[in-house]
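What follows is a single structure, written as C-alpha coordinates, with notes after it.
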Amino acid sequence: MRRILCVDDHVDSCELMKFILTDAFPECRIDTVDDPEKALDLISRGSYDLYLLDLWLPGMDGAELCRRIRRSGSESPVIFVSGAVRQSDRQFALAAGGNGFLSKPFDPDELVTLVEAHLPVGNTICQKPKHRRLPICELIKLAA
(Lines give C-alpha, C1' and ligand atoms only; values in the text may rest on other atoms or scores of the structure.)
Protein backbone atom coordinates (compact mmCIF):
# COMPACT_ATOMS: atom_id res chain seq x y z
CA MET A 1 0.00 0.00 0.00
CA ARG A 2 1.31 3.44 -0.95
CA ARG A 3 1.71 5.85 1.93
CA ILE A 4 1.62 9.65 1.97
CA LEU A 5 2.65 11.79 4.94
CA CYS A 6 1.23 15.31 5.38
CA VAL A 7 3.06 17.56 7.84
CA ASP A 8 1.41 20.88 8.69
CA ASP A 9 1.11 22.67 12.03
CA HIS A 10 -2.43 23.72 11.14
CA VAL A 11 -4.55 20.67 11.89
CA ASP A 12 -7.32 21.90 9.58
CA SER A 13 -4.87 21.97 6.65
CA CYS A 14 -3.82 18.39 7.40
CA GLU A 15 -7.44 17.26 7.59
CA LEU A 16 -8.31 19.05 4.36
CA MET A 17 -5.41 17.43 2.48
CA LYS A 18 -6.27 14.03 3.95
CA PHE A 19 -9.91 14.45 2.92
CA ILE A 20 -8.99 15.42 -0.64
CA LEU A 21 -6.33 12.72 -1.08
CA THR A 22 -8.38 9.95 0.50
CA ASP A 23 -11.14 10.72 -2.00
CA ALA A 24 -8.73 10.84 -4.95
CA PHE A 25 -6.53 7.90 -3.92
CA PRO A 26 -8.80 5.56 -1.91
CA GLU A 27 -6.26 2.76 -1.74
CA CYS A 28 -3.47 4.94 -0.35
CA ARG A 29 -2.85 5.47 3.33
CA ILE A 30 -2.69 9.16 4.25
CA ASP A 31 -1.02 9.97 7.59
CA THR A 32 -1.01 13.46 9.06
CA VAL A 33 1.03 15.09 11.83
CA ASP A 34 1.23 18.66 13.08
CA ASP A 35 4.82 18.59 14.33
CA PRO A 36 8.11 17.87 12.51
CA GLU A 37 9.47 15.78 15.41
CA LYS A 38 6.39 13.54 15.23
CA ALA A 39 6.99 13.29 11.49
CA LEU A 40 10.59 12.16 12.02
CA ASP A 41 9.36 9.55 14.50
CA LEU A 42 6.90 8.15 11.93
CA ILE A 43 9.54 8.23 9.21
CA SER A 44 11.98 6.31 11.42
CA ARG A 45 9.43 3.47 11.58
CA GLY A 46 9.02 3.24 7.81
CA SER A 47 9.40 5.39 4.76
CA TYR A 48 6.63 7.02 2.78
CA ASP A 49 6.03 7.13 -0.96
CA LEU A 50 5.39 10.88 -0.91
CA TYR A 51 5.67 13.73 1.59
CA LEU A 52 3.58 16.91 1.75
CA LEU A 53 5.30 19.50 3.96
CA ASP A 54 4.43 22.97 5.12
CA LEU A 55 7.44 25.26 4.81
CA TRP A 56 7.02 27.04 8.13
CA LEU A 57 6.68 24.62 11.04
CA PRO A 58 7.30 25.17 14.76
CA GLY A 59 10.70 24.10 16.03
CA MET A 60 12.03 23.02 12.63
CA ASP A 61 11.11 24.44 9.26
CA GLY A 62 9.92 22.23 6.45
CA ALA A 63 13.17 22.74 4.53
CA GLU A 64 15.16 21.23 7.40
CA LEU A 65 12.67 18.38 7.66
CA CYS A 66 13.11 17.79 3.92
CA ARG A 67 16.91 17.75 4.30
CA ARG A 68 16.59 15.18 7.10
CA ILE A 69 14.31 13.05 4.95
CA ARG A 70 16.92 13.19 2.19
CA ARG A 71 19.77 12.37 4.62
CA SER A 72 17.82 9.29 5.71
CA GLY A 73 18.30 8.01 2.17
CA SER A 74 14.73 8.57 1.01
CA GLU A 75 14.29 9.53 -2.61
CA SER A 76 10.51 9.80 -2.25
CA PRO A 77 9.08 13.01 -3.66
CA VAL A 78 8.61 15.96 -1.31
CA ILE A 79 5.98 18.54 -2.20
CA PHE A 80 5.76 21.73 -0.20
CA VAL A 81 2.23 23.01 0.43
CA SER A 82 2.64 26.38 2.05
CA GLY A 83 1.24 29.84 2.55
CA ALA A 84 4.74 31.15 1.88
CA VAL A 85 4.30 32.55 -1.60
CA ARG A 86 7.43 34.56 -2.34
CA GLN A 87 9.72 33.26 -5.06
CA SER A 88 12.57 33.12 -2.52
CA ASP A 89 10.46 30.80 -0.31
CA ARG A 90 9.84 28.51 -3.26
CA GLN A 91 13.55 28.48 -4.14
CA PHE A 92 14.44 27.80 -0.49
CA ALA A 93 12.11 24.80 -0.40
CA LEU A 94 13.30 23.34 -3.69
CA ALA A 95 16.97 23.87 -2.78
CA ALA A 96 16.37 21.78 0.36
CA GLY A 97 15.42 18.83 -1.84
CA GLY A 98 11.77 19.48 -2.63
CA ASN A 99 10.25 18.25 -5.87
CA GLY A 100 7.29 20.59 -6.06
CA PHE A 101 5.58 23.56 -4.45
CA LEU A 102 1.91 24.41 -4.09
CA SER A 103 0.81 27.72 -2.58
CA LYS A 104 -2.07 27.96 -0.11
CA PRO A 105 -4.89 28.42 -0.59
CA PHE A 106 -4.90 25.79 -3.31
CA ASP A 107 -7.46 24.29 -5.63
CA PRO A 108 -8.12 20.64 -4.63
CA ASP A 109 -7.65 19.56 -8.24
CA GLU A 110 -4.18 21.13 -8.26
CA LEU A 111 -3.19 19.12 -5.20
CA VAL A 112 -4.47 15.88 -6.73
CA THR A 113 -2.72 16.58 -10.03
CA LEU A 114 0.58 17.38 -8.31
CA VAL A 115 0.42 14.26 -6.14
CA GLU A 116 -0.53 12.12 -9.13
CA ALA A 117 2.44 13.48 -11.08
CA HIS A 118 4.89 12.72 -8.25
CA LEU A 119 3.52 9.55 -6.69
CA PRO A 120 5.89 6.76 -7.70
CA VAL A 121 4.53 4.35 -10.28
CA GLY A 122 5.10 0.65 -9.96
CA ASN A 123 3.70 -1.95 -7.67
CA THR A 124 1.00 0.34 -6.43
CA ILE A 125 -2.60 -0.32 -5.65
CA CYS A 126 -3.48 3.37 -5.73
CA GLN A 127 -6.10 4.03 -8.29
CA LYS A 128 -5.97 6.88 -10.74
CA PRO A 129 -7.60 9.98 -9.24
CA LYS A 130 -11.19 10.67 -10.17
CA HIS A 131 -10.52 14.39 -10.64
CA ARG A 132 -13.94 15.30 -9.44
CA ARG A 133 -14.36 18.71 -7.90
CA LEU A 134 -15.36 18.56 -4.24
CA PRO A 135 -18.41 20.58 -3.24
CA ILE A 136 -17.20 23.89 -1.80
CA CYS A 137 -19.53 23.55 1.21
CA GLU A 138 -17.67 20.35 2.22
CA LEU A 139 -14.32 22.08 1.96
CA ILE A 140 -15.48 25.09 3.98
CA LYS A 141 -16.92 22.86 6.73
CA LEU A 142 -13.72 20.82 6.87
CA ALA A 143 -11.47 23.88 7.01
CA ALA A 144 -13.56 25.57 9.72
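Chains: A, B, ... in order of the C-alpha coordinates. Residues: from 1 per chain. Ligands: from 1, in order shown.
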- Distance query Lys18 in chain A at most 12 Å, only C-alpha atoms, self and fewer than 2 positions along chain excluded, as a PyMOL selection string: chain A and resi 3-8+11-16+20-26+28-33+52+108+111-112+139+142-143
Just-selected residues, N, CA and C atoms written as an mmCIF file, in the first residue's frame:
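The file below, out21.cif, is the result:
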```
data_model
loop_
_atom_site.group_PDB
_atom_site.id
_atom_site.type_symbol
_atom_site.label_atom_id
_atom_site.label_comp_id
_atom_site.auth_asym_id
_atom_site.auth_seq_id
_atom_site.Cartn_x
_atom_site.Cartn_y
_atom_site.Cartn_z
ATOM 1 N N ARG A 3 1.931 5.021 0.746
ATOM 2 C CA ARG A 3 1.712 5.853 1.933
ATOM 3 C C ARG A 3 2.153 7.282 1.652
ATOM 4 N N ILE A 4 1.339 8.220 2.114
ATOM 5 C CA ILE A 4 1.622 9.646 1.971
ATOM 6 C C ILE A 4 1.602 10.250 3.369
ATOM 7 N N LEU A 5 2.591 11.104 3.659
ATOM 8 C CA LEU A 5 2.647 11.794 4.945
ATOM 9 C C LEU A 5 2.469 13.287 4.722
ATOM 10 N N CYS A 6 1.470 13.869 5.400
ATOM 11 C CA CYS A 6 1.225 15.310 5.380
ATOM 12 C C CYS A 6 1.709 15.883 6.705
ATOM 13 N N VAL A 7 2.551 16.912 6.635
ATOM 14 C CA VAL A 7 3.057 17.564 7.843
ATOM 15 C C VAL A 7 2.710 19.040 7.757
ATOM 16 N N ASP A 8 1.828 19.478 8.656
ATOM 17 C CA ASP A 8 1.407 20.875 8.691
ATOM 18 C C ASP A 8 0.981 21.193 10.116
ATOM 19 N N VAL A 11 -3.837 21.946 11.958
ATOM 20 C CA VAL A 11 -4.550 20.672 11.893
ATOM 21 C C VAL A 11 -5.618 20.686 10.806
ATOM 22 N N ASP A 12 -6.283 21.840 10.612
ATOM 23 C CA ASP A 12 -7.318 21.904 9.582
ATOM 24 C C ASP A 12 -6.732 21.713 8.186
ATOM 25 N N SER A 13 -5.524 22.188 7.955
ATOM 26 C CA SER A 13 -4.866 21.969 6.652
ATOM 27 C C SER A 13 -4.565 20.496 6.445
ATOM 28 N N CYS A 14 -4.079 19.834 7.489
ATOM 29 C CA CYS A 14 -3.816 18.392 7.403
ATOM 30 C C CYS A 14 -5.098 17.631 7.085
ATOM 31 N N GLU A 15 -6.166 17.965 7.800
ATOM 32 C CA GLU A 15 -7.437 17.264 7.593
ATOM 33 C C GLU A 15 -7.999 17.520 6.197
ATOM 34 N N LEU A 16 -7.839 18.733 5.711
ATOM 35 C CA LEU A 16 -8.307 19.052 4.362
ATOM 36 C C LEU A 16 -7.543 18.245 3.319
ATOM 37 N N ILE A 20 -9.115 15.344 0.816
ATOM 38 C CA ILE A 20 -8.986 15.421 -0.644
ATOM 39 C C ILE A 20 -8.265 14.192 -1.189
ATOM 40 N N LEU A 21 -7.143 13.828 -0.562
ATOM 41 C CA LEU A 21 -6.331 12.722 -1.078
ATOM 42 C C LEU A 21 -6.970 11.361 -0.840
ATOM 43 N N THR A 22 -7.687 11.205 0.252
ATOM 44 C CA THR A 22 -8.382 9.947 0.495
ATOM 45 C C THR A 22 -9.462 9.728 -0.554
ATOM 46 N N ASP A 23 -10.122 10.803 -0.949
ATOM 47 C CA ASP A 23 -11.136 10.716 -1.998
ATOM 48 C C ASP A 23 -10.503 10.393 -3.353
ATOM 49 N N ALA A 24 -9.377 11.023 -3.640
ATOM 50 C CA ALA A 24 -8.735 10.841 -4.948
ATOM 51 C C ALA A 24 -7.950 9.535 -5.049
ATOM 52 N N PHE A 25 -7.365 9.102 -3.941
ATOM 53 C CA PHE A 25 -6.527 7.902 -3.916
ATOM 54 C C PHE A 25 -7.034 6.976 -2.805
ATOM 55 N N PRO A 26 -8.182 6.331 -2.993
ATOM 56 C CA PRO A 26 -8.798 5.563 -1.905
ATOM 57 C C PRO A 26 -7.976 4.387 -1.395
ATOM 58 N N CYS A 28 -4.698 4.461 -0.965
ATOM 59 C CA CYS A 28 -3.465 4.943 -0.348
ATOM 60 C C CYS A 28 -3.747 5.279 1.110
ATOM 61 N N ARG A 29 -2.748 5.070 1.926
ATOM 62 C CA ARG A 29 -2.852 5.467 3.335
ATOM 63 C C ARG A 29 -2.301 6.880 3.472
ATOM 64 N N ILE A 30 -3.078 7.764 4.061
ATOM 65 C CA ILE A 30 -2.685 9.157 4.252
ATOM 66 C C ILE A 30 -2.514 9.389 5.752
ATOM 67 N N ASP A 31 -1.288 9.644 6.186
ATOM 68 C CA ASP A 31 -1.017 9.967 7.586
ATOM 69 C C ASP A 31 -0.793 11.464 7.699
ATOM 70 N N THR A 32 -1.208 12.033 8.830
ATOM 71 C CA THR A 32 -1.008 13.461 9.064
ATOM 72 C C THR A 32 -0.414 13.675 10.448
ATOM 73 N N VAL A 33 0.478 14.660 10.536
ATOM 74 C CA VAL A 33 1.029 15.090 11.826
ATOM 75 C C VAL A 33 1.172 16.602 11.796
ATOM 76 N N LEU A 52 4.134 15.575 1.938
ATOM 77 C CA LEU A 52 3.581 16.912 1.749
ATOM 78 C C LEU A 52 3.954 17.712 2.993
ATOM 79 N N PRO A 108 -8.264 22.080 -4.879
ATOM 80 C CA PRO A 108 -8.116 20.643 -4.627
ATOM 81 C C PRO A 108 -7.632 19.862 -5.847
ATOM 82 N N LEU A 111 -3.862 20.027 -6.122
ATOM 83 C CA LEU A 111 -3.193 19.117 -5.196
ATOM 84 C C LEU A 111 -3.196 17.701 -5.745
ATOM 85 N N VAL A 112 -4.346 17.236 -6.202
ATOM 86 C CA VAL A 112 -4.467 15.879 -6.735
ATOM 87 C C VAL A 112 -3.556 15.695 -7.945
ATOM 88 N N LEU A 139 -15.653 21.558 1.690
ATOM 89 C CA LEU A 139 -14.316 22.083 1.958
ATOM 90 C C LEU A 139 -14.357 23.157 3.037
ATOM 91 N N LEU A 142 -14.911 21.522 6.429
ATOM 92 C CA LEU A 142 -13.722 20.822 6.875
ATOM 93 C C LEU A 142 -12.651 21.788 7.346
ATOM 94 N N ALA A 143 -12.496 22.905 6.663
ATOM 95 C CA ALA A 143 -11.469 23.882 7.006
ATOM 96 C C ALA A 143 -11.845 24.705 8.237
#
```
- Task: From a DSSP pass on the backbone, collect the residues of range 11-134 of chain A flagged as alpha helix (DSSP H) and hand them back as number ranges by chain.
- Result: A: 11-24, 36-44, 62-71, 87-95, 108-118
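Atom pair CA of Leu55 in chain A / CA of Ser82 in chain A has a distance of 5.6 Å (rounded to one decimal).
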- Message: Using only C-alpha atoms for the distances, tell me which of A:Trp56, A:Ser74, A:Phe92, A:Asp107 is nearest to Ile43 in chain A.
- Response: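 Answer, going by the shortest atom-to-atom distance: A:Ser74.
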- Query: At what distance in Å, to one decimal, does CA of Gly73 in chain A lie from CA of Arg86 in chain A?
  - Reply: 29.0 Å
- Message: Among range 23-143 of chain A, which ones does DSSP assign to strand (DSSP E) (computed from the backbone)? Answer as a ChimeraX atom specification.
- Response: /A:29-33,50-53,78-82,100-103
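Here CA of Pro58 in chain A stands at a distance of 28.3 Å from CA of Glu116 in chain A.
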- Message: Ranking A:Leu50, A:Leu114, A:Leu40, A:Leu65 by minimum distance to Pro77 in chain A and counting only C-alpha atoms, which one comes first?
- Response: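 Ranking A:Leu50, A:Leu114, A:Leu40, A:Leu65 by distance to Pro77 in chain A, first place goes to A:Leu50.
Shortest atom-to-atom contact with Glu75 in chain A among A:Gln87, A:Met17, A:Asp49, A:Lys38: A:Asp49, counting only C-alpha atoms.
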- Message: Give me, as a VMD selection string, all polymer residues having an atom no more than 9 Å from His118 in chain A, counting only C-alpha atoms and skipping those fewer than 6 positions away in the same chain.
- Response: chain A and resid 50 76 to 79 99 to 100
Selected residues written out with N, CA, C and O atoms, as an mmCIF file, in the first residue's frame:
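Dumped to result_26.cif:
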```cif
data_model
loop_
_atom_site.group_PDB
_atom_site.id
_atom_site.type_symbol
_atom_site.label_atom_id
_atom_site.label_comp_id
_atom_site.auth_asym_id
_atom_site.auth_seq_id
_atom_site.Cartn_x
_atom_site.Cartn_y
_atom_site.Cartn_z
ATOM 1 N N LEU A 50 5.470 9.464 -0.569
ATOM 2 C CA LEU A 50 5.394 10.880 -0.908
ATOM 3 C C LEU A 50 5.179 11.670 0.381
ATOM 4 O O LEU A 50 4.496 11.198 1.283
ATOM 5 N N SER A 76 11.935 9.550 -2.014
ATOM 6 C CA SER A 76 10.513 9.804 -2.251
ATOM 7 C C SER A 76 10.283 11.285 -2.495
ATOM 8 O O SER A 76 10.939 12.124 -1.883
ATOM 9 N N PRO A 77 9.353 11.605 -3.368
ATOM 10 C CA PRO A 77 9.083 13.013 -3.661
ATOM 11 C C PRO A 77 8.608 13.785 -2.426
ATOM 12 O O PRO A 77 7.887 13.250 -1.585
ATOM 13 N N VAL A 78 9.041 15.037 -2.361
ATOM 14 C CA VAL A 78 8.614 15.957 -1.315
ATOM 15 C C VAL A 78 7.958 17.146 -2.005
ATOM 16 O O VAL A 78 8.588 17.799 -2.852
ATOM 17 N N ILE A 79 6.713 17.397 -1.654
ATOM 18 C CA ILE A 79 5.983 18.539 -2.200
ATOM 19 C C ILE A 79 5.690 19.483 -1.040
ATOM 20 O O ILE A 79 5.137 19.068 -0.014
ATOM 21 N N ASN A 99 10.534 18.555 -4.470
ATOM 22 C CA ASN A 99 10.247 18.250 -5.872
ATOM 23 C C ASN A 99 9.140 19.098 -6.456
ATOM 24 O O ASN A 99 8.942 19.118 -7.670
ATOM 25 N N GLY A 100 8.397 19.777 -5.596
ATOM 26 C CA GLY A 100 7.292 20.592 -6.059
ATOM 27 C C GLY A 100 6.858 21.552 -4.976
ATOM 28 O O GLY A 100 7.232 21.421 -3.809
#
```
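Using only C-alpha atoms for every distance, the candidate list A:Ile69, A:Met60, A:Met1, A:Val81 yields A:Val81 as the residue closest to Glu110 in chain A.
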